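J.: File protein_13.cif follows (mmCIF, C-alpha atoms):
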data_protein
loop_
_atom_site.label_atom_id
_atom_site.label_comp_id
_atom_site.auth_asym_id
_atom_site.auth_seq_id
_atom_site.Cartn_x
_atom_site.Cartn_y
_atom_site.Cartn_z
CA MET G 1 6.48 -5.85 18.12
CA THR G 2 4.94 -7.91 15.34
CA ASN G 3 6.20 -7.85 11.75
CA ARG G 4 2.78 -8.13 10.12
CA PRO G 5 1.97 -5.50 7.50
CA VAL G 6 -0.10 -2.55 8.65
CA TYR G 7 -2.82 -0.98 6.52
CA GLY G 8 -4.49 2.30 7.36
CA LEU G 9 -8.25 2.69 7.43
CA ILE G 10 -9.80 6.16 7.51
CA LEU G 11 -13.36 6.05 8.77
CA ALA G 12 -15.20 8.45 6.47
CA GLY G 13 -18.59 6.78 6.15
CA GLY G 14 -20.46 8.68 8.82
CA LYS G 15 -23.51 10.81 8.14
CA SER G 16 -22.16 13.84 10.07
CA ARG G 17 -25.62 14.50 11.54
CA ARG G 18 -24.41 16.62 14.45
CA MET G 19 -22.10 18.68 12.23
CA GLY G 20 -24.71 19.21 9.52
CA GLN G 21 -22.13 18.85 6.75
CA ASP G 22 -19.64 16.25 5.57
CA LYS G 23 -16.72 16.29 8.01
CA ALA G 24 -14.40 14.60 5.52
CA LEU G 25 -14.72 17.65 3.26
CA LEU G 26 -13.87 20.29 5.85
CA SER G 27 -10.77 22.29 4.98
CA ASN G 28 -7.54 21.74 6.93
CA ASN G 29 -4.78 24.12 5.88
CA GLY G 30 -5.89 24.24 2.25
CA GLN G 31 -6.81 20.59 1.78
CA SER G 32 -9.74 18.44 2.79
CA GLN G 33 -9.67 16.89 6.23
CA LEU G 34 -9.81 13.48 4.54
CA ALA G 35 -6.70 14.33 2.50
CA HIS G 36 -4.97 15.56 5.65
CA VAL G 37 -5.52 12.27 7.50
CA ALA G 38 -4.63 10.25 4.40
CA GLY G 39 -1.34 12.09 4.09
CA VAL G 40 -0.45 11.41 7.72
CA LEU G 41 -1.25 7.71 7.42
CA ASP G 42 0.41 7.31 4.02
CA ALA G 43 3.74 8.28 5.57
CA CYS G 44 3.39 5.57 8.23
CA VAL G 45 1.75 2.43 6.79
CA GLU G 46 1.98 0.27 3.67
CA LYS G 47 -1.44 1.07 2.22
CA VAL G 48 -4.27 3.44 3.05
CA PHE G 49 -7.97 2.77 2.49
CA VAL G 50 -11.00 4.95 3.02
CA SER G 51 -14.00 3.36 4.70
CA THR G 52 -17.21 4.65 3.18
CA ARG G 53 -20.84 3.85 2.56
CA ALA G 54 -21.89 2.65 -0.89
CA ASP G 55 -23.76 5.89 -1.60
CA GLN G 56 -20.57 7.89 -0.94
CA ALA G 57 -18.22 5.80 -3.07
CA HIS G 58 -18.35 8.13 -6.09
CA ASP G 59 -17.94 11.33 -4.10
CA ARG G 60 -15.10 13.14 -5.83
CA GLU G 61 -12.97 13.39 -2.67
CA ARG G 62 -13.39 9.79 -1.53
CA ALA G 63 -13.03 8.46 -5.07
CA GLN G 64 -9.38 9.55 -5.09
CA TYR G 65 -8.51 6.77 -2.65
CA ASP G 66 -8.73 3.01 -2.43
CA GLN G 67 -11.99 2.26 -0.67
CA ILE G 68 -13.56 -0.39 1.50
CA ILE G 69 -17.33 -0.17 1.22
CA ASP G 70 -19.34 -0.85 4.35
CA ARG G 71 -20.90 -4.29 4.30
CA TYR G 72 -23.25 -3.43 7.13
CA ASP G 73 -25.88 -0.76 7.72
CA ASP G 74 -26.61 1.22 10.86
CA LEU G 75 -23.69 -0.08 12.92
CA GLY G 76 -21.77 3.19 13.13
CA PRO G 77 -17.96 3.09 12.95
CA VAL G 78 -17.81 -0.62 13.66
CA ALA G 79 -19.37 -1.26 10.22
CA GLY G 80 -16.24 0.07 8.56
CA ILE G 81 -13.91 -1.64 11.00
CA LEU G 82 -15.53 -5.05 10.59
CA SER G 83 -15.69 -4.67 6.80
CA ALA G 84 -11.93 -4.01 6.71
CA LEU G 85 -11.18 -6.94 9.01
CA GLU G 86 -13.17 -9.19 6.71
CA THR G 87 -11.51 -7.82 3.57
CA ARG G 88 -7.95 -8.40 4.80
CA PRO G 89 -7.94 -10.49 7.99
CA ASP G 90 -4.21 -11.15 7.67
CA VAL G 91 -3.01 -7.58 8.29
CA ASP G 92 -3.05 -5.22 11.23
CA TRP G 93 -5.46 -2.35 10.62
CA LEU G 94 -4.60 1.08 11.95
CA VAL G 95 -8.03 2.68 12.20
CA VAL G 96 -8.34 6.48 12.33
CA ALA G 97 -11.46 8.64 12.27
CA CYS G 98 -11.53 11.25 9.52
CA ASP G 99 -12.41 14.06 11.96
CA LEU G 100 -9.12 14.35 13.86
CA PRO G 101 -7.62 17.69 12.76
CA ASN G 102 -4.61 17.47 15.08
CA ILE G 103 -3.47 13.96 14.18
CA THR G 104 0.26 13.77 13.42
CA GLU G 105 2.78 11.27 12.12
CA GLN G 106 4.37 11.25 15.57
CA THR G 107 1.11 10.12 17.15
CA ILE G 108 0.71 7.35 14.57
CA GLN G 109 4.34 6.21 14.75
CA HIS G 110 4.24 5.98 18.54
CA LEU G 111 1.18 3.74 18.28
CA LEU G 112 2.90 1.54 15.70
CA GLN G 113 6.10 1.25 17.70
CA HIS G 114 4.20 -0.11 20.69
CA ARG G 115 1.83 -2.56 19.05
CA GLU G 116 1.92 -6.01 20.59
CA GLY G 117 1.23 -9.29 18.83
CA GLU G 118 -0.27 -10.93 21.91
CA GLN G 119 -3.15 -8.51 22.38
CA PRO G 120 -5.92 -8.00 19.82
CA PHE G 121 -5.99 -4.20 20.15
CA THR G 122 -3.53 -1.36 20.77
CA ALA G 123 -4.95 2.05 21.59
CA TYR G 124 -4.33 5.34 23.32
CA THR G 125 -6.15 6.28 26.49
CA SER G 126 -8.31 9.38 26.32
CA SER G 127 -6.74 12.43 27.93
CA TYR G 128 -10.24 13.30 29.19
CA ASP G 129 -11.53 10.13 30.83
CA GLY G 130 -8.74 7.54 30.63
CA LEU G 131 -10.82 5.17 28.50
CA PRO G 132 -9.56 3.63 25.24
CA GLU G 133 -9.65 5.75 22.09
CA PRO G 134 -11.00 3.24 19.53
CA LEU G 135 -10.83 5.54 16.51
CA CYS G 136 -7.08 5.93 16.56
CA ALA G 137 -6.14 2.37 17.33
CA ILE G 138 -4.66 -0.80 15.89
CA TYR G 139 -6.96 -3.74 15.30
CA HIS G 140 -4.62 -6.69 15.04
CA ALA G 141 -4.94 -9.57 12.61
CA GLY G 142 -7.11 -12.23 14.20
CA CYS G 143 -9.41 -9.86 16.09
CA GLU G 144 -12.26 -10.18 13.60
CA ALA G 145 -13.92 -12.93 15.63
CA ILE G 146 -13.82 -10.78 18.75
CA VAL G 147 -15.40 -7.79 17.05
CA ARG G 148 -18.01 -9.96 15.36
CA ARG G 149 -18.98 -11.58 18.67
CA PHE G 150 -19.66 -8.19 20.22
CA VAL G 151 -21.66 -7.07 17.19
CA ASP G 152 -23.71 -10.26 17.23
CA GLU G 153 -24.49 -9.54 20.89
CA GLY G 154 -25.67 -6.04 20.01
CA ALA G 155 -22.55 -4.24 21.31
CA ASN G 156 -21.69 -1.96 18.38
CA CYS G 157 -19.66 0.62 20.28
CA PRO G 158 -15.94 0.30 19.42
CA ARG G 159 -14.94 1.83 22.75
CA LYS G 160 -16.93 -0.79 24.69
CA ILE G 161 -15.33 -3.51 22.59
CA LEU G 162 -11.86 -2.32 23.57
CA ILE G 163 -12.85 -1.81 27.21
CA ARG G 164 -14.15 -5.36 27.47
CA SER G 165 -11.22 -6.94 25.61
CA GLU G 166 -7.50 -7.32 26.16
CA THR G 167 -6.24 -3.98 24.88
CA ARG G 168 -2.74 -2.60 25.17
CA LEU G 169 -3.21 0.99 26.31
CA LEU G 170 -0.75 3.82 25.73
CA ASP G 171 -0.61 7.31 27.15
CA PRO G 172 -1.20 9.92 24.42
CA THR G 173 1.92 11.67 23.16
CA HIS G 174 0.03 14.97 22.80
CA PRO G 175 -3.18 15.58 24.79
CA ASP G 176 -5.04 17.27 21.91
CA ALA G 177 -3.89 14.95 19.12
CA LEU G 178 -7.06 12.87 19.29
CA ASP G 179 -9.57 15.69 19.73
CA ASN G 180 -12.33 15.21 17.19
CA VAL G 181 -14.80 17.58 15.57
CA ASN G 182 -18.44 16.57 15.84
CA THR G 183 -20.47 19.77 16.10
CA PRO G 184 -20.43 23.32 14.73
CA GLN G 185 -19.06 24.45 18.10
CA ASP G 186 -16.21 21.94 17.80
CA LEU G 187 -15.56 23.30 14.33
CA HIS G 188 -15.45 26.85 15.65
CA ASN G 189 -12.84 25.82 18.22
CA SER G 190 -10.65 23.86 15.79
CA VAL G 191 -8.24 24.57 12.96
CA LEU G 192 -10.80 23.28 10.45
CA LYS G 193 -12.85 25.51 8.17
CA ILE G 194 -15.76 25.02 5.83
CA ASN G 195 -14.34 24.13 2.44
CA GLU G 196 -15.61 26.92 0.20
CA ASN G 197 -14.32 25.11 -2.89
CA ASP G 198 -16.60 22.13 -2.39
CA HIS G 199 -19.89 22.19 -4.23
CA GLY G 200 -21.03 18.62 -3.62
#
Translate this file's structure into structure tokens.
T.:
Amino acid sequence: MTNRPVYGLILAGGKSRRMGQDKALLSNNGQSQLAHVAGVLDACVEKVFVSTRADQAHDRERAQYDQIIDRYDDLGPVAGILSALETRPDVDWLVVACDLPNITEQTIQHLLQHREGEQPFTAYTSSYDGLPEPLCAIYHAGCEAIVRRFVDEGANCPRKILIRSETRLLDPTHPDALDNVNTPQDLHNSVLKINENDHG
């Protein structure tokens, strides 16, 4: 296991089109989902940053955290990932989507304990299809060139990047830990609730 510092990056710059409302602001046990993920990561890594678009930077929830503003438009999650890799290329980035209501410190610590210095990525396999889970994964220092090459070739899907690269894959510690919430139906089936205290 490498001794490089690890920073956390919460991907919270999405437009939540399928959900119809900001997923970062959904309520998880009395706090925002963004705050829930930040708390989990803060217990496990040296620093935590929120990845966001420029037009979200002054949102009252996101503004509570150190931010990395997307340097790219219309690239999806990889915009935040690449922006972080460019900002601090010397650290390992533990990237987590903001819409994982079941994420735990145990899941994060297991990932950290098994990161390898020789491979550019460390990720869990999906409990549904066995493919890499790119939005709870470690992007190791030095992988910026790999990600950029894929983006330059028009491959903006983080999962495809990990599939087509040397990625250390781990079995998930809990099958539902990486379940995300994308749609109102997902919301209905999850522990998350609409945050009635949020008024924009």
J.: Using all atoms listed in the file, which protein or nucleic acid residues come within 9 Å of Leu169 of chain G? Drop anything in the same chain fewer than 4 positions from it, and give the result as a list in words.
T.: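 Counting all atoms listed in the file, the residues come to Phe121, Thr122, Ala123, Tyr124, Thr125, Leu131 and Pro132 of chain G.
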J.: Using the chain letters and residue numbers of this document, give as an MDAnalysis selection string the residues selected by the PyMOL selection byres ((chain G and resi 119) around 12).
T.: chainID G and resid 1:2 92 114:118 120:123 138:143 146 162 165:169
J.: Which residues, named as in the file, does the PyMOL selection byres ((chain G and resi 106) around 12) pick out? Answer as an NGL selection string.
T.: :G and (40-41 or 43-44 or 102-105 or 107-113 or 172-174 or 177)
J.: Can you list every residue of segment 92-144 of chain G that has an atom at most 9 Å from segment 67-83 of chain G, with its nearest atom pair and the distance in Å to one decimal, using all atoms listed in the file, ordered by chain then number, as a tab-separated table?
T.:
residue	atom	partner	partner_atom	distance
G:Trp93	CA	G:Ile81	CA	8.5
G:Val95	CA	G:Ile81	CA	7.4
G:Ala97	CA	G:Pro77	CA	8.6
G:Leu135	CA	G:Pro77	CA	8.3
G:Tyr139	CA	G:Ile81	CA	8.4
G:Glu144	CA	G:Leu82	CA	6.8
J.: Could you jot down the atom CA of Val147 of chain G to atom CA of Ser126 of chain G separation for me, Å, one decimal place?
T.: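 Here the two named atoms are 20.8 Å from each other.
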J.: Quick check, in Å to one decimal: how far apart do atom CA of Lys160 of chain G and atom CA of Lys47 of chain G lie?
T.: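 We find that atom CA of Lys160 of chain G and atom CA of Lys47 of chain G lie 27.4 Å from each other.
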J.: G:Val6, G:Leu178, G:Ile163, G:Ala54: which is nearest Pro89 of chain G, counting only C-alpha atoms?
T.: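 Closest residue, counting only C-alpha atoms: G:Val6.
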J.: Pull out every residue that the PyMOL selection byres ((chain G and resi 50) around 10) matches in the shown coordinates and put them as a PyMOL selection string.
T.: chain G and resi 8-13+34+38+48-49+51-53+57+62-69+80+84+95-98
J.: Using only C-alpha atoms, can you tell me which of G:Asp179, G:Glu153, G:Asp22, G:Glu46 comes closest to Leu94 of chain G?
T.: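 Ranked by minimum distance to Leu94 of chain G, first place goes to G:Glu46.
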J.: Work out how far atom CA of Gln56 of chain G is from atom CA of Arg88 of chain G, in Å to one decimal.
T.: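 Separation between atom CA of Arg88 of chain G and atom CA of Gln56 of chain G: 21.4 Å.
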